[in-house]
>>> print(open('data_12.tsv').read())   # TSV, C-alpha atoms and all ligand atoms
chain	number	residue	atom	x	y	z
A	214	MET	CA	0.00	0.00	0.00
A	215	SER	CA	1.43	3.38	-1.03
A	216	LYS	CA	1.72	6.23	1.43
A	217	GLN	CA	-1.58	7.98	2.30
A	218	PHE	CA	-1.44	11.70	3.06
A	219	GLN	CA	-3.42	13.65	5.64
A	220	LEU	CA	-6.71	14.46	3.90
A	221	ALA	CA	-8.43	17.87	4.12
A	222	ILE	CA	-11.25	17.94	1.58
A	223	GLY	CA	-11.77	21.55	0.46
A	224	LEU	CA	-8.60	22.42	2.44
A	225	ASP	CA	-10.90	23.29	5.32
A	226	GLY	CA	-8.92	24.58	8.30
A	227	ILE	CA	-5.55	24.31	6.54
A	228	ALA	CA	-3.19	27.32	6.27
A	229	VAL	CA	-1.04	27.35	3.12
A	230	ALA	CA	0.78	30.64	3.69
A	231	GLU	CA	1.62	33.35	6.19
A	232	SER	CA	0.42	36.81	5.23
A	233	ASP	CA	0.53	40.41	6.50
A	234	LEU	CA	-2.49	41.37	4.42
A	235	SER	CA	-5.68	40.49	6.24
A	236	LEU	CA	-7.18	38.70	9.20
A	237	VAL	CA	-10.51	36.97	8.63
A	238	ASP	CA	-11.75	35.77	12.01
A	239	GLY	CA	-14.89	33.83	11.20
A	240	LEU	CA	-15.75	32.88	14.76
A	241	ASN	CA	-15.75	36.44	16.05
A	242	GLY	CA	-16.84	38.15	12.82
A	243	LEU	CA	-13.69	40.26	12.45
A	244	LEU	CA	-12.05	41.58	9.27
A	245	VAL	CA	-8.73	43.46	9.49
A	246	TYR	CA	-6.62	44.83	6.62
A	247	ARG	CA	-3.01	45.37	7.72
A	248	GLY	CA	-3.94	46.50	11.23
A	249	TYR	CA	-7.11	48.46	10.38
A	250	TRP	CA	-10.75	47.40	10.72
A	251	ALA	CA	-12.06	46.98	7.17
A	252	ARG	CA	-15.37	48.63	8.17
A	253	ASP	CA	-13.51	51.77	9.34
A	254	LEU	CA	-11.50	51.88	6.12
A	255	ALA	CA	-14.75	51.64	4.15
A	256	ILE	CA	-16.26	54.60	6.01
A	257	HIS	CA	-13.25	56.91	6.25
A	258	HIS	CA	-11.07	56.11	3.24
A	259	THR	CA	-11.19	55.75	-0.53
A	260	PHE	CA	-10.50	52.93	-2.99
A	261	GLU	CA	-7.04	54.29	-3.80
A	262	GLU	CA	-6.06	54.80	-0.15
A	263	VAL	CA	-6.96	51.23	0.81
A	264	ALA	CA	-5.29	49.84	-2.32
A	265	HIS	CA	-2.15	51.74	-1.26
A	266	LEU	CA	-2.41	50.20	2.20
A	267	LEU	CA	-2.62	46.69	0.77
A	268	TRP	CA	0.05	47.12	-1.90
A	269	TYR	CA	2.61	49.30	-0.06
A	270	GLY	CA	1.88	48.36	3.57
A	271	HIS	CA	0.72	51.77	4.84
A	272	LEU	CA	-1.99	54.35	4.21
A	273	PRO	CA	-0.64	57.01	1.84
A	274	ASN	CA	0.29	60.57	2.71
A	275	GLU	CA	-1.00	63.30	0.39
A	276	GLN	CA	1.88	62.99	-2.09
A	277	GLU	CA	1.76	59.20	-2.20
A	278	LEU	CA	-1.99	59.29	-2.76
A	279	SER	CA	-1.73	61.76	-5.58
A	280	ALA	CA	1.07	59.71	-7.19
A	281	LEU	CA	-1.02	56.52	-7.03
A	282	LYS	CA	-4.11	58.25	-8.45
A	283	ASN	CA	-2.03	59.59	-11.34
A	284	GLN	CA	-0.52	56.19	-12.06
A	285	LEU	CA	-3.95	54.55	-12.10
A	286	LYS	CA	-5.23	57.26	-14.46
A	287	GLN	CA	-2.25	56.81	-16.79
A	288	HIS	CA	-2.90	53.08	-17.11
A	289	ARG	CA	-6.68	53.15	-17.66
A	290	ASP	CA	-6.73	53.08	-21.45
A	291	LEU	CA	-6.94	49.74	-23.22
A	292	PRO	CA	-4.58	48.70	-26.02
A	293	GLU	CA	-6.30	48.84	-29.42
A	294	HIS	CA	-6.08	45.07	-29.94
A	295	VAL	CA	-8.01	44.50	-26.70
A	296	LYS	CA	-10.74	46.95	-27.72
A	297	GLY	CA	-11.03	45.27	-31.12
A	298	MET	CA	-11.26	41.86	-29.53
A	299	LEU	CA	-13.90	42.97	-27.01
A	300	ARG	CA	-16.05	44.21	-29.89
A	301	LEU	CA	-15.85	40.80	-31.56
A	302	ILE	CA	-17.01	38.67	-28.62
A	303	PRO	CA	-20.63	37.55	-29.26
A	304	ALA	CA	-23.29	39.33	-27.20
A	305	ASP	CA	-24.41	36.17	-25.42
A	306	VAL	CA	-21.02	35.64	-23.72
A	307	ASP	CA	-21.37	36.59	-20.04
A	308	MET	CA	-19.52	39.57	-18.59
A	309	MET	CA	-17.17	37.55	-16.35
A	310	SER	CA	-16.01	35.48	-19.32
A	311	VAL	CA	-15.46	38.69	-21.27
A	312	LEU	CA	-13.48	40.19	-18.39
A	313	ARG	CA	-11.36	37.03	-18.12
A	314	THR	CA	-10.69	37.12	-21.87
A	315	GLY	CA	-10.02	40.88	-21.89
A	316	VAL	CA	-7.50	40.61	-19.06
A	317	SER	CA	-5.89	37.60	-20.69
A	318	ALA	CA	-5.45	39.60	-23.90
A	319	LEU	CA	-3.37	42.17	-22.00
A	320	GLY	CA	-0.67	39.55	-21.50
A	321	ASN	CA	2.66	40.36	-23.07
A	322	ASP	CA	6.30	40.68	-22.08
A	323	SER	CA	5.71	43.78	-19.97
A	324	TYR	CA	3.83	41.58	-17.48
A	325	GLY	CA	6.57	38.98	-17.15
A	326	TRP	CA	7.97	37.41	-13.96
A	327	PRO	CA	8.44	38.66	-11.31
A	328	PRO	CA	5.23	40.69	-10.79
A	329	THR	CA	5.84	44.38	-10.00
A	330	LEU	CA	3.77	47.16	-8.48
A	331	GLU	CA	3.63	48.91	-11.84
A	332	GLN	CA	2.16	45.80	-13.48
A	333	VAL	CA	-0.34	45.47	-10.65
A	334	ILE	CA	-1.44	49.11	-10.96
A	335	SER	CA	-1.77	48.71	-14.72
A	336	VAL	CA	-4.11	45.69	-14.50
A	337	THR	CA	-6.16	47.24	-11.68
A	338	ALA	CA	-6.59	50.42	-13.74
A	339	LYS	CA	-7.68	48.55	-16.86
A	340	MET	CA	-10.24	46.15	-15.41
A	341	PRO	CA	-13.00	48.79	-14.94
A	342	THR	CA	-12.36	50.00	-18.49
A	343	ILE	CA	-12.77	46.46	-19.87
A	344	VAL	CA	-16.10	46.02	-18.05
A	345	ALA	CA	-17.42	49.45	-19.06
A	346	PHE	CA	-16.23	49.07	-22.66
A	347	ARG	CA	-18.08	45.80	-23.05
A	348	TYR	CA	-21.16	47.14	-21.28
A	349	ALA	CA	-21.35	50.11	-23.68
A	350	CYS	CA	-20.99	47.78	-26.69
A	351	LEU	CA	-23.87	45.64	-25.41
A	352	GLN	CA	-26.00	48.74	-25.04
A	353	GLY	CA	-25.24	49.72	-28.62
A	354	ARG	CA	-23.38	52.91	-27.70
A	355	GLU	CA	-19.79	53.94	-28.33
A	356	PRO	CA	-17.67	53.26	-25.21
A	357	LEU	CA	-16.54	56.36	-23.33
A	358	ASP	CA	-12.89	57.16	-22.79
A	359	PRO	CA	-11.89	57.20	-19.10
A	360	HIS	CA	-12.56	60.62	-17.50
A	361	PRO	CA	-9.18	62.26	-16.75
A	362	GLU	CA	-10.50	64.20	-13.74
A	363	LEU	CA	-12.34	61.41	-11.95
A	364	ASP	CA	-10.90	59.02	-9.38
A	365	HIS	CA	-11.10	55.25	-9.75
A	366	THR	CA	-14.64	54.54	-8.49
A	367	ALA	CA	-16.23	57.69	-9.91
A	368	ASN	CA	-14.64	57.00	-13.28
A	369	TYR	CA	-15.95	53.42	-13.27
A	370	LEU	CA	-19.51	54.63	-12.67
A	371	TYR	CA	-19.04	57.38	-15.26
A	372	MET	CA	-17.87	54.96	-17.96
A	373	LEU	CA	-20.73	52.58	-17.18
A	374	LYS	CA	-23.54	55.11	-17.05
A	375	GLY	CA	-22.31	57.90	-19.31
A	376	THR	CA	-22.86	60.69	-16.77
A	377	GLU	CA	-20.85	61.94	-13.81
A	378	PRO	CA	-22.13	60.09	-10.73
A	379	SER	CA	-23.43	61.72	-7.53
A	380	HIS	CA	-21.16	61.92	-4.50
A	381	ALA	CA	-23.54	59.60	-2.58
A	382	HIS	CA	-23.31	56.91	-5.26
A	383	VAL	CA	-19.52	57.16	-5.44
A	384	ARG	CA	-19.19	56.88	-1.66
A	385	ALA	CA	-21.56	53.88	-1.51
A	386	LEU	CA	-19.80	52.00	-4.30
A	387	ASP	CA	-16.42	52.93	-2.81
A	388	ALA	CA	-17.51	51.36	0.50
A	389	TYR	CA	-18.47	48.15	-1.32
A	390	LEU	CA	-15.26	48.09	-3.36
A	391	ILE	CA	-13.15	48.64	-0.22
A	392	LEU	CA	-14.94	45.95	1.78
A	393	THR	CA	-14.36	43.42	-0.98
A	394	GLN	CA	-10.75	44.31	-1.91
A	395	GLU	CA	-9.25	41.65	0.30
A	396	HIS	CA	-10.40	38.56	2.18
A	397	GLY	CA	-7.66	36.18	3.24
A	398	MET	CA	-7.14	32.89	1.43
A	399	ASN	CA	-10.43	32.77	-0.44
A	400	ALA	CA	-10.72	30.50	-3.50
A	401	SER	CA	-9.83	33.09	-6.16
A	402	THR	CA	-6.88	34.44	-4.16
A	403	PHE	CA	-5.67	30.87	-3.75
A	404	SER	CA	-5.90	30.40	-7.54
A	405	GLY	CA	-3.84	33.54	-8.07
A	406	ARG	CA	-1.24	32.35	-5.58
A	407	VAL	CA	-1.05	28.88	-7.13
A	408	VAL	CA	-0.43	30.31	-10.61
A	409	THR	CA	2.16	32.75	-9.25
A	410	SER	CA	3.90	29.99	-7.31
A	411	THR	CA	4.92	28.41	-10.62
A	412	GLU	CA	6.66	31.70	-11.56
A	413	SER	CA	4.04	32.28	-14.22
A	414	ASP	CA	3.13	35.90	-15.09
A	415	LEU	CA	0.74	38.31	-13.37
A	416	ILE	CA	-1.83	38.22	-16.19
A	417	SER	CA	-2.08	34.43	-15.98
A	418	ALA	CA	-2.56	34.64	-12.21
A	419	ILE	CA	-5.30	37.30	-12.45
A	420	THR	CA	-7.02	35.43	-15.29
A	421	GLY	CA	-7.13	32.28	-13.13
A	422	ALA	CA	-8.49	34.28	-10.21
A	423	ILE	CA	-11.27	35.80	-12.35
A	424	GLY	CA	-12.28	32.34	-13.55
A	425	THR	CA	-12.46	31.16	-9.95
A	426	LEU	CA	-14.48	34.16	-8.77
A	427	LYS	CA	-17.01	33.51	-11.54
A	428	GLY	CA	-18.51	30.47	-9.80
A	429	PRO	CA	-21.77	31.01	-7.87
A	430	LEU	CA	-20.34	29.52	-4.69
A	431	HIS	CA	-17.78	32.33	-4.62
A	432	GLY	CA	-18.53	35.55	-6.48
A	433	GLY	CA	-21.56	34.73	-8.53
A	434	ALA	CA	-24.12	35.12	-5.77
A	435	PRO	CA	-25.19	38.81	-5.70
A	436	SER	CA	-27.06	38.65	-8.99
A	437	GLU	CA	-28.71	35.46	-7.74
A	438	VAL	CA	-29.79	37.40	-4.65
A	439	THR	CA	-31.65	39.96	-6.78
A	440	GLU	CA	-33.14	37.16	-8.88
A	441	MET	CA	-34.36	35.53	-5.67
A	442	ILE	CA	-35.93	38.79	-4.40
A	443	GLU	CA	-37.61	39.37	-7.79
A	444	ALA	CA	-38.92	35.79	-7.85
A	445	ILE	CA	-40.33	36.13	-4.32
A	446	GLY	CA	-42.05	39.38	-5.30
A	447	THR	CA	-44.11	40.03	-2.16
A	448	LYS	CA	-43.58	39.75	1.58
A	449	GLU	CA	-46.39	37.17	1.86
A	450	ASN	CA	-44.63	34.93	-0.66
A	451	ALA	CA	-41.26	35.00	1.17
A	452	GLU	CA	-41.86	32.19	3.62
A	453	PRO	CA	-43.51	29.66	1.26
A	454	TRP	CA	-40.95	30.40	-1.47
A	455	LEU	CA	-37.90	30.02	0.77
A	456	ARG	CA	-39.38	27.00	2.55
A	457	ASN	CA	-39.95	25.31	-0.80
A	458	LYS	CA	-36.28	25.84	-1.75
A	459	LEU	CA	-35.06	24.33	1.51
A	460	GLU	CA	-37.54	21.43	1.27
A	461	ASN	CA	-36.00	20.66	-2.14
A	462	GLY	CA	-32.49	20.69	-0.66
A	463	GLU	CA	-31.53	23.91	-2.48
A	464	ARG	CA	-29.37	26.72	-1.08
A	465	LEU	CA	-30.56	30.22	-0.30
A	466	MET	CA	-28.29	32.71	-2.05
A	467	GLY	CA	-26.67	35.40	0.11
A	468	PHE	CA	-26.52	33.18	3.21
A	469	GLY	CA	-23.74	31.03	4.66
A	470	HIS	CA	-19.98	31.31	4.48
A	471	ARG	CA	-17.08	28.90	4.68
A	472	VAL	CA	-15.30	31.01	7.29
A	473	TYR	CA	-17.88	33.25	9.03
A	474	LYS	CA	-19.92	31.33	11.55
A	475	THR	CA	-21.38	34.57	12.85
A	476	ILE	CA	-22.58	37.67	10.99
A	477	ASP	CA	-20.25	38.63	8.13
A	478	PRO	CA	-18.86	42.06	9.18
A	479	ARG	CA	-18.98	43.20	5.54
A	480	ALA	CA	-22.71	42.46	5.45
A	481	THR	CA	-23.20	44.57	8.59
A	482	ALA	CA	-21.31	47.53	7.08
A	483	LEU	CA	-23.01	47.26	3.68
A	484	ARG	CA	-26.45	47.02	5.24
A	485	VAL	CA	-25.89	50.53	6.69
A	486	VAL	CA	-24.69	51.84	3.31
A	487	ALA	CA	-27.67	50.27	1.51
A	488	GLU	CA	-30.13	51.63	4.10
A	489	GLN	CA	-28.78	55.15	3.65
A	490	LEU	CA	-29.20	54.97	-0.12
A	491	SER	CA	-32.44	53.04	-0.34
A	492	GLY	CA	-34.65	55.06	2.03
A	493	ASP	CA	-38.24	53.91	1.46
A	494	ASP	CA	-37.44	51.79	-1.61
A	495	PRO	CA	-39.97	48.88	-1.55
A	496	TRP	CA	-37.33	46.55	-3.04
A	497	PHE	CA	-35.05	47.13	-0.05
A	498	ASP	CA	-37.97	46.70	2.34
A	499	LEU	CA	-38.76	43.35	0.71
A	500	ALA	CA	-35.06	42.34	0.76
A	501	THR	CA	-34.73	42.94	4.51
A	502	HIS	CA	-37.92	40.93	5.07
A	503	VAL	CA	-36.54	38.07	2.95
A	504	GLU	CA	-33.34	38.21	5.02
A	505	GLN	CA	-35.26	37.84	8.30
A	506	VAL	CA	-37.39	34.96	6.99
A	507	GLY	CA	-34.32	33.31	5.43
A	508	LEU	CA	-32.43	33.42	8.74
A	509	LYS	CA	-35.42	32.00	10.62
A	510	LEU	CA	-35.84	29.12	8.15
A	511	LEU	CA	-32.12	28.33	7.96
A	512	ALA	CA	-32.07	28.00	11.75
A	513	GLU	CA	-35.07	25.64	11.45
A	514	TYR	CA	-33.81	23.51	8.52
A	515	LYS	CA	-30.08	23.60	9.24
A	516	PRO	CA	-29.83	23.76	13.03
A	517	GLY	CA	-26.30	24.20	14.39
A	518	ARG	CA	-24.80	25.16	10.97
A	519	LYS	CA	-24.56	28.85	11.98
A	520	LEU	CA	-25.76	30.19	8.64
A	521	ASN	CA	-25.90	33.99	8.51
A	522	THR	CA	-26.34	36.71	5.93
A	523	ASN	CA	-23.17	37.04	3.83
A	524	VAL	CA	-21.59	40.00	2.02
A	525	GLU	CA	-23.35	39.22	-1.24
A	526	PHE	CA	-26.81	39.82	0.15
A	527	PHE	CA	-26.22	43.52	0.85
A	528	ALA	CA	-23.71	43.91	-1.98
A	529	ALA	CA	-26.69	43.24	-4.24
A	530	ALA	CA	-28.68	45.95	-2.45
A	531	VAL	CA	-25.87	48.53	-2.73
A	532	MET	CA	-25.13	47.84	-6.39
A	533	ARG	CA	-28.80	47.96	-7.26
A	534	ALA	CA	-29.16	51.27	-5.39
A	535	VAL	CA	-26.30	52.87	-7.33
A	536	GLY	CA	-27.93	51.70	-10.56
A	537	LEU	CA	-25.73	48.76	-11.59
A	538	GLU	CA	-27.52	45.95	-13.37
A	539	ASP	CA	-27.26	42.33	-12.24
A	540	ASP	CA	-24.72	41.30	-14.84
A	541	LEU	CA	-22.32	43.94	-13.49
A	542	PHE	CA	-22.35	42.65	-9.91
A	543	THR	CA	-19.68	39.95	-10.09
A	544	PRO	CA	-17.47	41.90	-12.54
A	545	SER	CA	-17.57	44.82	-10.06
A	546	PHE	CA	-16.51	42.39	-7.33
A	547	ALA	CA	-13.53	41.46	-9.56
A	548	VAL	CA	-12.75	45.16	-10.12
A	549	SER	CA	-12.23	45.49	-6.36
A	550	ARG	CA	-10.78	42.06	-5.53
A	551	VAL	CA	-7.97	42.50	-8.05
A	552	VAL	CA	-6.35	44.68	-5.38
A	553	GLY	CA	-6.24	41.80	-2.89
A	554	TRP	CA	-5.30	39.24	-5.54
A	555	SER	CA	-2.36	41.32	-6.65
A	556	ALA	CA	-1.22	42.08	-3.09
A	557	HIS	CA	-1.16	38.31	-2.46
A	558	ILE	CA	0.60	37.69	-5.77
A	559	LEU	CA	3.35	40.15	-4.78
A	560	GLU	CA	3.59	38.52	-1.36
A	561	GLN	CA	3.76	35.01	-2.87
A	562	ALA	CA	6.42	36.06	-5.37
A	563	GLY	CA	8.40	37.71	-2.56
A	564	SER	CA	8.93	34.41	-0.73
A	565	ASN	CA	7.94	31.78	-3.21
A	566	ARG	CA	7.63	28.04	-2.93
A	567	ILE	CA	5.58	26.18	-5.53
A	568	ILE	CA	2.17	25.19	-4.14
A	569	ARG	CA	1.89	21.51	-4.83
A	570	PRO	CA	-0.43	19.44	-2.60
A	571	GLN	CA	-0.89	15.68	-2.72
A	572	LEU	CA	-3.84	13.39	-3.29
A	573	ASN	CA	-4.65	9.94	-2.04
A	574	TYR	CA	-5.14	7.48	-4.89
A	575	THR	CA	-8.34	5.45	-4.52
A	576	GLY	CA	-8.22	3.77	-7.95
A	577	LYS	CA	-7.15	0.25	-8.93
A	578	MET	CA	-3.56	-0.94	-9.13
A	579	PRO	CA	-2.41	-2.79	-12.26
A	580	GLU	CA	-3.01	-6.61	-12.02
B	601	LIG	C1	-20.76	29.97	0.79
B	601	LIG	C2	-20.94	28.46	0.85
B	601	LIG	C3	-20.47	27.85	-0.47
B	601	LIG	C4	-20.09	27.90	2.00
B	601	LIG	O1	-20.18	26.53	1.93
B	601	LIG	P1	-19.44	25.52	2.92
B	601	LIG	O2	-18.60	26.22	3.90
B	601	LIG	O3	-18.79	24.49	2.08
B	601	LIG	O4	-20.64	24.94	3.72
B	601	LIG	P2	-21.26	23.54	3.47
B	601	LIG	O5	-21.54	23.37	2.01
B	601	LIG	O6	-20.37	22.54	4.14
B	601	LIG	O7	-22.64	23.66	4.24
B	601	LIG	C5	-22.86	23.27	5.58
B	601	LIG	C6	-24.33	22.95	5.72
B	601	LIG	O8	-25.08	24.17	5.61
B	601	LIG	C7	-25.94	24.11	4.48
B	601	LIG	N1	-25.88	25.40	3.80
B	601	LIG	C8	-24.79	26.19	3.61
B	601	LIG	N2	-25.14	27.33	2.99
B	601	LIG	C9	-26.47	27.24	2.76
B	601	LIG	C10	-27.40	28.09	2.14
B	601	LIG	N3	-27.04	29.27	1.63
B	601	LIG	N4	-28.68	27.69	2.07
B	601	LIG	C11	-29.07	26.50	2.59
B	601	LIG	N5	-28.23	25.65	3.20
B	601	LIG	C12	-26.94	26.02	3.27
B	601	LIG	C13	-25.42	22.99	3.59
B	601	LIG	O9	-26.45	22.44	2.82
B	601	LIG	C14	-24.88	22.04	4.63
B	601	LIG	O10	-25.96	21.34	5.17
B	601	LIG	P3	-25.78	19.79	5.61
B	601	LIG	O11	-24.82	19.83	6.78
B	601	LIG	O12	-27.16	19.38	5.96
B	601	LIG	O13	-25.21	19.05	4.42
B	601	LIG	C15	-22.42	28.10	1.12
B	601	LIG	O14	-22.83	28.67	2.34
B	601	LIG	C16	-23.35	28.53	-0.01
B	601	LIG	O15	-23.49	27.80	-0.98
B	601	LIG	N6	-24.02	29.72	0.13
B	601	LIG	C17	-24.90	30.19	-0.91
B	601	LIG	C18	-24.09	30.87	-2.01
B	601	LIG	C19	-23.55	32.23	-1.58
B	601	LIG	O16	-24.24	33.05	-1.00
B	601	LIG	N7	-22.26	32.44	-1.91
B	601	LIG	C20	-21.57	33.68	-1.63
B	601	LIG	C21	-20.57	33.49	-0.53
B	601	LIG	S1	-19.88	35.04	-0.01
>>> encode(input="data_12.tsv", output="structure tokens", more="lines below")
Ligand SMILES: CC(C)(COP(=O)(O)OP(=O)(O)OC[C@H]1O[C@@H](n2cnc3c(N)ncnc32)[C@H](O)[C@@H]1OP(=O)(O)O)[C@@H](O)C(=O)NCCC(=O)NCCS
Amino acid sequence: MSKQFQLAIGLDGIAVAESDLSLVDGLNGLLVYRGYWARDLAIHHTFEEVAHLLWYGHLPNEQELSALKNQLKQHRDLPEHVKGMLRLIPADVDMMSVLRTGVSALGNDSYGWPPTLEQVISVTAKMPTIVAFRYACLQGREPLDPHPELDHTANYLYMLKGTEPSHAHVRALDAYLILTQEHGMNASTFSGRVVTSTESDLISAITGAIGTLKGPLHGGAPSEVTEMIEAIGTKENAEPWLRNKLENGERLMGFGHRVYKTIDPRATALRVVAEQLSGDDPWFDLATHVEQVGLKLLAEYKPGRKLNTNVEFFAAAVMRAVGLEDDLFTPSFAVSRVVGWSAHILEQAGSNRIIRPQLNYTGKMPE
């Protein structure tokens, strides 16, 4: 009998790296980015400031912030071959696949090993442009050039919607993008680290991470949350609808998390942001009712599993309130998470060892 290795299906409870980037404490519901509470960063800081914290290790002073904003602005434009290719992709290809392909098409020698901060800033700057370019094409309008005066989040909304966004919408989306920039060794970050650990290039690592985020068990849930709320339709229908799902052994989208066994702190912060924006919006009223009924039924059907509302539930509410359509939810998640992916990729490259687990063979041996 050949050697059998210690088995951890899903790598549950296994650490594969040490990192300075974030603490995700699922038992106590804590999220820390490099010594700061993520919720405080979301309230008091901007996308660029938190990206600086994750990439450079400290919040920027005025000069550093202005330098980073300028660098991001300089790298926003897409190469012509990428624009041409985005125009050719058939309309029925989903936005995450388009983003994955668009990022992949950026790959050339200037993104070679080892990954650098300039490469990282370049990809982060271009991802919103890829999403907005494609979105404009689908709407049958000419894509807008990035706005030279607007910061990262405001420019993203501007390119998507064609008008300069309100301060309230920018702040709300900024809070979402900050709260989702980084989250420990989640599945897509792990993908990025695995690719990087082979000394492959940054573009390959980000492309792998986007493909991983695409799955509904990771990043694909917020649009499914809005679909669920639409399907439920009325408060009276919430309980029978949700009960029916659970009776059929299906999952309720926007609930449960591999790590958080208490309320997801990002959901708590985003609930406040969504409440501020939504006011008396009947959709939001219905969503909070669905949340309460969902929690009650999950406790009934899955006792002891500690299933709570996750980030995607209120992410859906915030993105809907700022006017983003469902098919932009997960791509917007990628637009923020690229910051965390790339911070991990730099960290992995800085002290690299190829990530190469084992498996236990359960097949036949030759006769
Ligand atoms: C996020 C998620 C994949 C985590 O999964 P996980 O850590 O592997 O948890 P498990 O699949 O082991 O689930 C544990 C138990 O809770 C149940 N469960 C987990 N999430 C559930 C949900 N959203 N609805 C109903 N039941 C759920 C499972 O069916 C399982 O029940 P069992 O013990 O009777 O088999 C899972 O909670 C999920 O699918 N949630 C819905 C999708 C979602 O919102 N994703 C976004 C995450 S931010």
>>> residues_near_ligand(input="data_12.tsv", ligand="ligand LIG 601 (chain B)", cutoff="9 Å", atoms="all atoms listed in the file", output="number ranges by chain")
A: 223, 225, 428-435, 437-438, 458-459, 462-473, 477, 507, 511, 514-526
>>> residues_near_point(input="data_12.tsv", point="(-3.8, 36.7, -1.0)", cutoff="7 Å", atoms="only C-alpha atoms", output="count of residues only")
10
>>> atom_distance(input="data_12.tsv", atom1="CA of Phe542 in chain A", atom2="CA of Ser310 in chain A")
13.4 Å
>>> atom_distance(input="data_12.tsv", atom1="CA of Ala512 in chain A", atom2="CA of Glu452 in chain A")
13.4 Å
>>> atom_distance(input="data_12.tsv", atom1="CA of Glu460 in chain A", atom2="CA of Ile222 in chain A")
26.5 Å
>>> closest_residue(input="data_12.tsv", among="A:Leu370, A:Val535, A:Met308, A:Gly248", to="Val486 in chain A", atoms="only C-alpha atoms")
A:Val535
>>> closest_residue(input="data_12.tsv", among="A:Glu277, A:Asp322, A:Asp387, A:Glu362", to="His258 in chain A", atoms="only C-alpha atoms")
A:Asp387
>>> closest_residue(input="data_12.tsv", among="A:Ala418, A:Leu234, A:Ala528, A:Val551", to="Pro328 in chain A", atoms="only C-alpha atoms")
A:Ala418
>>> residues_around(input="data_12.tsv", residues="Ala381 in chain A", least_positions_apart="5", cutoff="12 Å", atoms="only C-alpha atoms", output="list of chain:residue names")
A:Thr366, A:Ala367, A:Leu370, A:Leu386, A:Asp387, A:Ala388, A:Val486, A:Ala487, A:Gln489, A:Leu490, A:Ser491, A:Val531, A:Ala534, A:Val535
>>> residues_around(input="data_12.tsv", residues="Lys216 in chain A", least_positions_apart="6", cutoff="12 Å", atoms="only C-alpha atoms", output="list in words")
Gln571, Leu572, Asn573, Tyr574 and Thr575 of chain A
>>> write_last_selection(input="data_12.tsv", atoms="C-alpha atoms", output="mmCIF file, in the frame of the given file")
data_model
loop_
_atom_site.group_PDB
_atom_site.id
_atom_site.type_symbol
_atom_site.label_atom_id
_atom_site.label_comp_id
_atom_site.auth_asym_id
_atom_site.auth_seq_id
_atom_site.Cartn_x
_atom_site.Cartn_y
_atom_site.Cartn_z
ATOM 1 C CA GLN A 571 -0.890 15.680 -2.720
ATOM 2 C CA LEU A 572 -3.840 13.390 -3.290
ATOM 3 C CA ASN A 573 -4.650 9.940 -2.040
ATOM 4 C CA TYR A 574 -5.140 7.480 -4.890
ATOM 5 C CA THR A 575 -8.340 5.450 -4.520
#
>>> closest_residue(input="data_12.tsv", among="A:Asn241, A:Thr420, A:Gln332, A:Ser549", to="Glu261 in chain A", atoms="all atoms listed in the file")
A:Ser549
>>> closest_residue(input="data_12.tsv", among="A:Ala230, A:Val237, A:Leu243, A:Ile334", to="Leu281 in chain A", atoms="all atoms listed in the file")
A:Ile334
>>> closest_residue(input="data_12.tsv", among="A:Ser564, A:Val316, A:Gln219, A:Ala304", to="Gln352 in chain A", atoms="all atoms listed in the file")
A:Ala304
>>> build_atoms(input="data_12.tsv", residues="range 286-295 of chain A", atoms="N, CA and C atoms", output="PDB file, in the frame of the given file")
ATOM      1  N   LYS A 286      -4.626  56.544 -13.313  1.00  0.00           N
ATOM      2  CA  LYS A 286      -5.230  57.260 -14.460  1.00  0.00           C
ATOM      3  C   LYS A 286      -4.420  56.997 -15.733  1.00  0.00           C
ATOM      4  N   GLN A 287      -3.098  57.008 -15.600  1.00  0.00           N
ATOM      5  CA  GLN A 287      -2.250  56.810 -16.790  1.00  0.00           C
ATOM      6  C   GLN A 287      -2.426  55.433 -17.425  1.00  0.00           C
ATOM      7  N   HIS A 288      -2.816  54.465 -16.601  1.00  0.00           N
ATOM      8  CA  HIS A 288      -2.900  53.080 -17.110  1.00  0.00           C
ATOM      9  C   HIS A 288      -4.313  52.642 -17.492  1.00  0.00           C
ATOM     10  N   ARG A 289      -5.275  53.580 -17.460  1.00  0.00           N
ATOM     11  CA  ARG A 289      -6.680  53.150 -17.660  1.00  0.00           C
ATOM     12  C   ARG A 289      -7.011  52.732 -19.084  1.00  0.00           C
ATOM     13  N   ASP A 290      -6.355  53.354 -20.061  1.00  0.00           N
ATOM     14  CA  ASP A 290      -6.730  53.080 -21.450  1.00  0.00           C
ATOM     15  C   ASP A 290      -6.386  51.653 -21.853  1.00  0.00           C
ATOM     16  N   LEU A 291      -7.193  51.108 -22.748  1.00  0.00           N
ATOM     17  CA  LEU A 291      -6.940  49.740 -23.220  1.00  0.00           C
ATOM     18  C   LEU A 291      -6.141  49.782 -24.513  1.00  0.00           C
ATOM     19  N   PRO A 292      -5.244  48.809 -24.716  1.00  0.00           N
ATOM     20  CA  PRO A 292      -4.580  48.700 -26.020  1.00  0.00           C
ATOM     21  C   PRO A 292      -5.626  48.462 -27.114  1.00  0.00           C
ATOM     22  N   GLU A 293      -5.328  48.944 -28.320  1.00  0.00           N
ATOM     23  CA  GLU A 293      -6.300  48.840 -29.420  1.00  0.00           C
ATOM     24  C   GLU A 293      -6.696  47.385 -29.702  1.00  0.00           C
ATOM     25  N   HIS A 294      -5.732  46.459 -29.615  1.00  0.00           N
ATOM     26  CA  HIS A 294      -6.080  45.070 -29.940  1.00  0.00           C
ATOM     27  C   HIS A 294      -7.100  44.505 -28.944  1.00  0.00           C
ATOM     28  N   VAL A 295      -7.044  44.984 -27.696  1.00  0.00           N
ATOM     29  CA  VAL A 295      -8.010  44.500 -26.700  1.00  0.00           C
ATOM     30  C   VAL A 295      -9.401  45.063 -27.011  1.00  0.00           C
TER      31      VAL A 295
END
